[in-house]
Amino acid sequence: MSPEKMSVRRVAVVGGARIPFARSDGPYATASNQQMLTAALDGLTERFGLQEPGAVGEFVAGAVLKHSRDFNLARETVLGSRLHPTTPAYDIQQACGTGLQAVIAAANKIALGQTESAVAGGADTASDAPLGVNDTLRRILLEARRVKSLGGRVKTLAKVRPGHFVPDIPRNAEPRTGLSMGEHAAVTALAWGIGRAAQDELAAASHQRLAAAYERGFFQDLVVPFRGLARDQNLRPGSTAEKLASLKPVFGLDLPDPTMTAGNSTPLTDGAATVLLASEEWARERGLEPQAYLTAYETAAVDFVGGDVAGGDDGLLMAPAYAVPRMLERAGLGLADFDLVEIHEAFASQVLATLAAWEKRGLGTVDRARLNVAGSSLATGHPFAATGARIVATLAKLLAERDAPARGLISVCAAGGQGVTAILERA
């Protein structure tokens with residue numbers, strides 16, 4: 001088809017499936033990215049009857065913490081799942097934005113008529129994090145491999161010292177700054193004047209709303225039991241701002257009045273999530289009603305190294321403050337046009353700073369009754385690459401529950417100073 005004749009189609013979000021999210025070193029401590037992603041994909045395949053050849057045009061997914069064995073993760077997951085083995089697949093990665101970026105990548109092909117259906121998702125395990133060979137040892141081993149003579153190899157290997165056997169462990173720090181995401185968020189919280197009480201209130205609300213959603217059966221068709229878990233392990237139904245106020249700060253301890261604790265920050269988490277996307281025709285032929293439509297998306301990045309970090313505008317997790325205004329301007333919408341708003345809760349302070357930045361940029365305020373109404377990452381946990389797919393599936397179902405047309409906004413911050421945002425609409 002020539003470019004001038006190419007039309008853009010609406011992309012339907014048909015539904016999702018995920019496994020319960022678990023705290024690191026817990027029930028999924030020995031589960032690999034592939035095993036978790038396969039469980040989520042099998043749940044989706046079973047729910048929507050996707051086993052036959054050609055049912056799904058392709059599968060796109062990723063992980064942030066990957067072993068060498070995770071090579072071709074998406075394709076290997078397909079081959080080990082109930083999805084038909086002739087389904088093409090490929091990996092994608094954009095830190096915490098991976099799951100949503102996978103949804104966008106799949107949606108683009110459906111919108112352009114290059115495929116009729118696709119599954120997007122992601123998985124991550126903080127428990128089974130890859131350990132690297134000490135870099136000095138690695139260089140010595142490579143040098144020994146290049147040497148031709150036995151004597152030369154022995155001489156080279158003689159350079160190895162006991163300290164070279166200490167493994168390289170993945171660091172929760174930005175390579176450009178050496179600061180963890182939490183430390184970056186603490187600087188931003190100070191810049192925006194985000195107080196402790198507001199953070200604890202938001203965190204408590206996340207737990208309470210997630211608990212309420214489970215109690216009313218909202219997740220019954222979204223969450224697939226896995227390794228003994230039937231609901232998110234991090235969920236604390238009895239959380240209150242008063243209880244959270246007793247926790248000691250863990251980030252920004254060298255800053256005045258540190259406010260960020262383990263309770264108002266997301267824990268290290270294991271899990272996987274998937275979403276089924278399709279053209280309207282594909283869904284109609286199978287008797288499936290779309291829950292919502294993906295109508296817009298935008299990415300952005302900030303200069304968190306040399307930009308206005310101290311002032312808060314260019315904090316590590318502030319890219320959605322730029323992406324959302326651009327997306328809304330292009331769509332001709334304002335925050336008041338959204339019935340629901342989903343902001344990934346990397347930290348309570350980051351959510352509050354994002355809201356403040358939107359208001360500063362003239363977008364207005366977000367009614368808290370419309371924000372993360374079924375809980376979010378502070379309560380569910382945050383397996384990095386899975387979060388975007390979790391949010392899309394959750395928001396689509398929330399929109400589908402409404403009798404009238406409705407619209408939802410998604411905002412996900414990511415490491416590297418990036419942000420991925422999107423709009424879902426229920427016609």
# chains A, B, ... in the order shown; residues from 1 in each chain; ligands from 1

$ residues_around --residues "Ala301 in chain A" --least-positions-apart "6" --cutoff "9 Å" --atoms "only C-alpha atoms" --output "short mmCIF file (atom, residue, chain, number, x, y, z; two decimals) with all heavy atoms, in the first residue's frame"
data_model
loop_
_atom_site.label_atom_id
_atom_site.label_comp_id
_atom_site.auth_asym_id
_atom_site.auth_seq_id
_atom_site.Cartn_x
_atom_site.Cartn_y
_atom_site.Cartn_z
N ASP A 314 13.59 19.77 35.97
CA ASP A 314 14.27 18.71 35.23
C ASP A 314 14.72 17.57 36.14
O ASP A 314 15.75 16.94 35.89
CB ASP A 314 15.47 19.29 34.46
CG ASP A 314 15.04 20.24 33.36
OD1 ASP A 314 13.97 20.01 32.79
OD2 ASP A 314 15.77 21.20 33.08
N LEU A 316 14.84 13.84 37.71
CA LEU A 316 14.94 12.58 36.99
C LEU A 316 13.59 12.03 36.52
O LEU A 316 13.49 11.49 35.42
CB LEU A 316 15.63 11.54 37.88
CG LEU A 316 15.77 10.13 37.28
CD1 LEU A 316 16.80 10.12 36.17
CD2 LEU A 316 16.15 9.12 38.37
N MET A 318 10.66 13.72 36.05
CA MET A 318 9.73 14.79 35.69
C MET A 318 9.41 14.89 34.21
O MET A 318 8.71 15.82 33.78
CB MET A 318 10.29 16.14 36.18
CG MET A 318 10.36 16.26 37.69
SD MET A 318 8.76 16.00 38.50
CE MET A 318 7.88 17.47 37.94
N ALA A 319 9.85 13.94 33.40
CA ALA A 319 9.57 14.02 31.96
C ALA A 319 8.07 14.04 31.63
O ALA A 319 7.66 14.72 30.68
CB ALA A 319 10.27 12.88 31.22
N PRO A 320 7.20 13.32 32.39
CA PRO A 320 5.77 13.43 32.08
C PRO A 320 5.22 14.85 32.20
O PRO A 320 4.19 15.16 31.61
CB PRO A 320 5.12 12.49 33.11
CG PRO A 320 6.16 11.46 33.39
CD PRO A 320 7.45 12.25 33.38
N TYR A 322 6.43 17.28 30.84
CA TYR A 322 6.60 17.85 29.50
C TYR A 322 5.80 17.07 28.46
O TYR A 322 5.23 17.64 27.54
CB TYR A 322 8.08 17.84 29.11
CG TYR A 322 8.94 18.72 29.98
CD1 TYR A 322 9.51 18.22 31.16
CD2 TYR A 322 9.19 20.05 29.65
CE1 TYR A 322 10.29 19.02 31.98
CE2 TYR A 322 9.97 20.85 30.46
CZ TYR A 322 10.52 20.34 31.62
OH TYR A 322 11.29 21.14 32.42
N ALA A 323 5.74 15.74 28.62
CA ALA A 323 5.06 14.90 27.64
C ALA A 323 3.55 15.15 27.63
O ALA A 323 2.93 15.26 26.57
CB ALA A 323 5.34 13.43 27.92
N GLY A 416 16.56 7.35 33.51
CA GLY A 416 17.17 8.04 32.39
C GLY A 416 16.51 9.36 32.08
O GLY A 416 16.76 9.97 31.04
N GLY A 417 15.63 9.83 32.99
CA GLY A 417 14.95 11.10 32.77
C GLY A 417 13.91 11.06 31.68
O GLY A 417 13.73 12.04 30.96
N GLN A 418 13.20 9.94 31.54
CA GLN A 418 12.24 9.78 30.46
C GLN A 418 10.81 9.64 30.99
O GLN A 418 10.58 9.34 32.15
CB GLN A 418 12.60 8.56 29.61
CG GLN A 418 14.00 8.61 29.02
CD GLN A 418 14.30 7.44 28.12
OE1 GLN A 418 14.15 7.52 26.92
NE2 GLN A 418 14.73 6.35 28.72
N GLY A 419 9.85 9.85 30.07
CA GLY A 419 8.45 9.70 30.43
C GLY A 419 7.66 9.19 29.25
O GLY A 419 7.93 9.56 28.11
#

$ residues_around --residues "Gly334 in chain A" --least-positions-apart "4" --cutoff "9 Å" --atoms "only C-alpha atoms" --output "number ranges by chain"
A: 325, 328-329, 338, 363-364

$ write_last_selection --atoms "N, CA, C and O atoms" --output "short mmCIF file (atom, residue, chain, number, x, y, z; two decimals), in the first residue's frame"
data_model
loop_
_atom_site.label_atom_id
_atom_site.label_comp_id
_atom_site.auth_asym_id
_atom_site.auth_seq_id
_atom_site.Cartn_x
_atom_site.Cartn_y
_atom_site.Cartn_z
N PRO A 325 1.62 17.84 28.59
CA PRO A 325 1.15 19.07 27.94
C PRO A 325 1.24 19.02 26.42
O PRO A 325 0.33 19.49 25.72
N LEU A 328 -1.63 16.70 25.19
CA LEU A 328 -2.94 17.32 25.33
C LEU A 328 -3.14 18.45 24.32
O LEU A 328 -4.24 18.62 23.77
N GLU A 329 -2.09 19.20 24.05
CA GLU A 329 -2.21 20.27 23.06
C GLU A 329 -2.49 19.68 21.69
O GLU A 329 -3.33 20.20 20.93
N PHE A 338 -10.66 14.61 31.37
CA PHE A 338 -10.40 13.21 31.71
C PHE A 338 -11.20 12.78 32.93
O PHE A 338 -11.20 13.44 33.96
N LEU A 363 -2.22 23.47 33.19
CA LEU A 363 -3.15 22.39 32.86
C LEU A 363 -4.30 22.27 33.85
O LEU A 363 -5.27 21.56 33.60
N GLY A 364 -4.18 22.91 34.98
CA GLY A 364 -5.21 22.80 36.01
C GLY A 364 -4.88 21.70 37.00
O GLY A 364 -3.79 21.13 37.00
#

$ residues_around --residues "Ala173 in chain A" --least-positions-apart "3" --cutoff "12 Å" --atoms "only C-alpha atoms" --output "PyMOL selection string"
chain A and resi 169-170+176-185+316+415-416

$ residues_around --residues "Asn264 in chain A" --least-positions-apart "4" --cutoff "8 Å" --atoms "only C-alpha atoms" --output "compact mmCIF listing (two decimals) with C-alpha atoms, in the first residue's frame"
# COMPACT_ATOMS: atom_id res chain seq x y z
CA GLN A 199 3.02 11.58 50.59
CA ASP A 200 1.76 9.25 53.31
CA LEU A 202 -1.36 9.28 48.85
CA ALA A 203 0.40 6.00 49.70
CA LEU A 244 2.92 5.28 57.58
CA MET A 260 10.62 9.72 51.70
CA PHE A 347 7.23 7.44 44.72
CA ALA A 348 4.38 9.38 46.29
CA SER A 349 6.53 12.51 46.10
CA LEU A 378 2.75 1.99 45.79

$ closest_residue --among "A:Thr38, A:Asn108, A:Asn372, A:Thr156" --to "Leu294 in chain A" --atoms "only C-alpha atoms"
A:Asn108

$ closest_residue --among "A:Ala262, A:Leu100, A:Ala111, A:Met36" --to "Glu281 in chain A" --atoms "only C-alpha atoms"
A:Ala111

$ select_by_dssp --residues "range 38-167 of chain A" --states "alpha helix (DSSP H)" --output "number ranges by chain"
A: 38-48, 73-79, 98-111, 135-146, 150-157

$ closest_residue --among "A:Thr77, A:Gln34, A:Thr259, A:Thr86" --to "Ala186 in chain A" --atoms "only C-alpha atoms"
A:Thr259

$ residues_around --residues "Arg47 in chain A" --least-positions-apart "2" --cutoff "10 Å" --atoms "only C-alpha atoms" --output "count of residues only"
12

$ residues_around --residues "range 6-11 of chain A" --least-positions-apart "4" --cutoff "9 Å" --atoms "only C-alpha atoms" --output "VMD selection string"
chain A and resid 1 to 2 107 to 108 110 to 113 277 to 280 292 to 295

$ closest_residue --among "A:Leu137, A:Val187, A:Val14, A:Lys248" --to "Asp308 in chain A" --atoms "only C-alpha atoms"
A:Val187

$ select_by_dssp --residues "range 111-277 of chain A" --states "strand (DSSP E)" --output "PDB file with N, CA, C and O atoms, in the first residue's frame"
ATOM      1  N   SER A 117      -3.958  -7.842  15.186  1.00  0.00           N
ATOM      2  CA  SER A 117      -3.962  -8.013  16.637  1.00  0.00           C
ATOM      3  C   SER A 117      -2.534  -8.171  17.138  1.00  0.00           C
ATOM      4  O   SER A 117      -1.640  -8.569  16.397  1.00  0.00           O
ATOM      5  N   ALA A 118      -2.335  -7.864  18.411  1.00  0.00           N
ATOM      6  CA  ALA A 118      -1.005  -7.994  19.013  1.00  0.00           C
ATOM      7  C   ALA A 118      -1.154  -8.058  20.520  1.00  0.00           C
ATOM      8  O   ALA A 118      -2.132  -7.553  21.088  1.00  0.00           O
ATOM      9  N   VAL A 119      -0.180  -8.680  21.140  1.00  0.00           N
ATOM     10  CA  VAL A 119      -0.109  -8.690  22.599  1.00  0.00           C
ATOM     11  C   VAL A 119       1.145  -7.938  23.005  1.00  0.00           C
ATOM     12  O   VAL A 119       2.223  -8.131  22.421  1.00  0.00           O
ATOM     13  N   ALA A 120       1.011  -7.050  23.996  1.00  0.00           N
ATOM     14  CA  ALA A 120       2.150  -6.285  24.503  1.00  0.00           C
ATOM     15  C   ALA A 120       2.284  -6.535  25.997  1.00  0.00           C
ATOM     16  O   ALA A 120       1.294  -6.830  26.676  1.00  0.00           O
ATOM     17  N   GLY A 121       3.487  -6.415  26.509  1.00  0.00           N
ATOM     18  CA  GLY A 121       3.652  -6.630  27.942  1.00  0.00           C
ATOM     19  C   GLY A 121       5.082  -6.484  28.403  1.00  0.00           C
ATOM     20  O   GLY A 121       5.934  -5.926  27.703  1.00  0.00           O
ATOM     21  N   GLY A 122       5.329  -6.998  29.590  1.00  0.00           N
ATOM     22  CA  GLY A 122       6.671  -6.921  30.151  1.00  0.00           C
ATOM     23  C   GLY A 122       6.762  -7.707  31.443  1.00  0.00           C
ATOM     24  O   GLY A 122       5.745  -8.065  32.050  1.00  0.00           O
ATOM     25  N   ALA A 123       7.986  -7.981  31.853  1.00  0.00           N
ATOM     26  CA  ALA A 123       8.236  -8.712  33.095  1.00  0.00           C
ATOM     27  C   ALA A 123       9.534  -8.224  33.701  1.00  0.00           C
ATOM     28  O   ALA A 123      10.421  -7.741  32.991  1.00  0.00           O
ATOM     29  N   ASP A 124       9.629  -8.326  34.996  1.00  0.00           N
ATOM     30  CA  ASP A 124      10.900  -8.033  35.660  1.00  0.00           C
ATOM     31  C   ASP A 124      10.974  -8.753  36.986  1.00  0.00           C
ATOM     32  O   ASP A 124       9.967  -8.898  37.692  1.00  0.00           O
ATOM     33  N   PRO A 249      12.561   8.003  57.397  1.00  0.00           N
ATOM     34  CA  PRO A 249      12.983   8.311  56.021  1.00  0.00           C
ATOM     35  C   PRO A 249      14.153   7.421  55.600  1.00  0.00           C
ATOM     36  O   PRO A 249      14.993   7.040  56.430  1.00  0.00           O
ATOM     37  N   VAL A 250      14.177   7.076  54.308  1.00  0.00           N
ATOM     38  CA  VAL A 250      15.270   6.255  53.779  1.00  0.00           C
ATOM     39  C   VAL A 250      15.987   6.921  52.603  1.00  0.00           C
ATOM     40  O   VAL A 250      17.059   6.467  52.200  1.00  0.00           O
ATOM     41  N   PHE A 251      15.404   7.987  52.054  1.00  0.00           N
ATOM     42  CA  PHE A 251      16.030   8.720  50.958  1.00  0.00           C
ATOM     43  C   PHE A 251      16.194  10.187  51.344  1.00  0.00           C
ATOM     44  O   PHE A 251      15.417  10.722  52.139  1.00  0.00           O
ATOM     45  N   MET A 260      10.928  10.927  52.462  1.00  0.00           N
ATOM     46  CA  MET A 260      10.619   9.719  51.702  1.00  0.00           C
ATOM     47  C   MET A 260      10.994   8.459  52.478  1.00  0.00           C
ATOM     48  O   MET A 260      12.137   8.280  52.889  1.00  0.00           O
ATOM     49  N   THR A 261      10.008   7.600  52.677  1.00  0.00           N
ATOM     50  CA  THR A 261      10.186   6.375  53.449  1.00  0.00           C
ATOM     51  C   THR A 261       9.937   5.146  52.583  1.00  0.00           C
ATOM     52  O   THR A 261       9.505   5.256  51.434  1.00  0.00           O
ATOM     53  N   THR A 269      10.191  -5.354  43.262  1.00  0.00           N
ATOM     54  CA  THR A 269       9.060  -6.246  42.986  1.00  0.00           C
ATOM     55  C   THR A 269       9.345  -7.177  41.818  1.00  0.00           C
ATOM     56  O   THR A 269      10.091  -6.825  40.904  1.00  0.00           O
ATOM     57  N   ASP A 270       8.716  -8.358  41.840  1.00  0.00           N
ATOM     58  CA  ASP A 270       8.751  -9.308  40.728  1.00  0.00           C
ATOM     59  C   ASP A 270       7.349  -9.437  40.140  1.00  0.00           C
ATOM     60  O   ASP A 270       6.364  -9.451  40.889  1.00  0.00           O
ATOM     61  N   GLY A 271       7.268  -9.568  38.804  1.00  0.00           N
ATOM     62  CA  GLY A 271       5.946  -9.757  38.210  1.00  0.00           C
ATOM     63  C   GLY A 271       5.957  -9.610  36.700  1.00  0.00           C
ATOM     64  O   GLY A 271       6.994  -9.313  36.093  1.00  0.00           O
ATOM     65  N   ALA A 272       4.796  -9.821  36.088  1.00  0.00           N
ATOM     66  CA  ALA A 272       4.647  -9.725  34.630  1.00  0.00           C
ATOM     67  C   ALA A 272       3.208  -9.356  34.297  1.00  0.00           C
ATOM     68  O   ALA A 272       2.286  -9.681  35.049  1.00  0.00           O
ATOM     69  N   ALA A 273       3.032  -8.674  33.153  1.00  0.00           N
ATOM     70  CA  ALA A 273       1.693  -8.256  32.730  1.00  0.00           C
ATOM     71  C   ALA A 273       1.617  -8.234  31.209  1.00  0.00           C
ATOM     72  O   ALA A 273       2.627  -8.010  30.530  1.00  0.00           O
ATOM     73  N   THR A 274       0.410  -8.461  30.676  1.00  0.00           N
ATOM     74  CA  THR A 274       0.190  -8.455  29.229  1.00  0.00           C
ATOM     75  C   THR A 274      -1.123  -7.756  28.900  1.00  0.00           C
ATOM     76  O   THR A 274      -2.026  -7.662  29.740  1.00  0.00           O
ATOM     77  N   VAL A 275      -1.227  -7.268  27.652  1.00  0.00           N
ATOM     78  CA  VAL A 275      -2.433  -6.594  27.164  1.00  0.00           C
ATOM     79  C   VAL A 275      -2.702  -7.061  25.739  1.00  0.00           C
ATOM     80  O   VAL A 275      -1.772  -7.170  24.926  1.00  0.00           O
ATOM     81  N   LEU A 276      -3.977  -7.304  25.422  1.00  0.00           N
ATOM     82  CA  LEU A 276      -4.382  -7.669  24.066  1.00  0.00           C
ATOM     83  C   LEU A 276      -4.919  -6.437  23.344  1.00  0.00           C
ATOM     84  O   LEU A 276      -5.845  -5.780  23.828  1.00  0.00           O
ATOM     85  N   LEU A 277      -4.326  -6.131  22.187  1.00  0.00           N
ATOM     86  CA  LEU A 277      -4.722  -4.998  21.354  1.00  0.00           C
ATOM     87  C   LEU A 277      -5.190  -5.523  20.007  1.00  0.00           C
ATOM     88  O   LEU A 277      -4.714  -6.562  19.540  1.00  0.00           O
TER      89      LEU A 277
END

$ closest_residue --among "A:Ala106, A:Leu333, A:Leu268, A:Ala321" --to "Val412 in chain A" --atoms "only C-alpha atoms"
A:Ala321

$ residues_around --residues "Val64 in chain A" --least-positions-apart "6" --cutoff "9 Å" --atoms "only C-alpha atoms" --output "list in words"
Gln93, Gln94, Ala95, Cys96, Thr98, Gly122, Ala123, Asp124, Thr125, Pro383, Phe384 and Ala385 of chain A
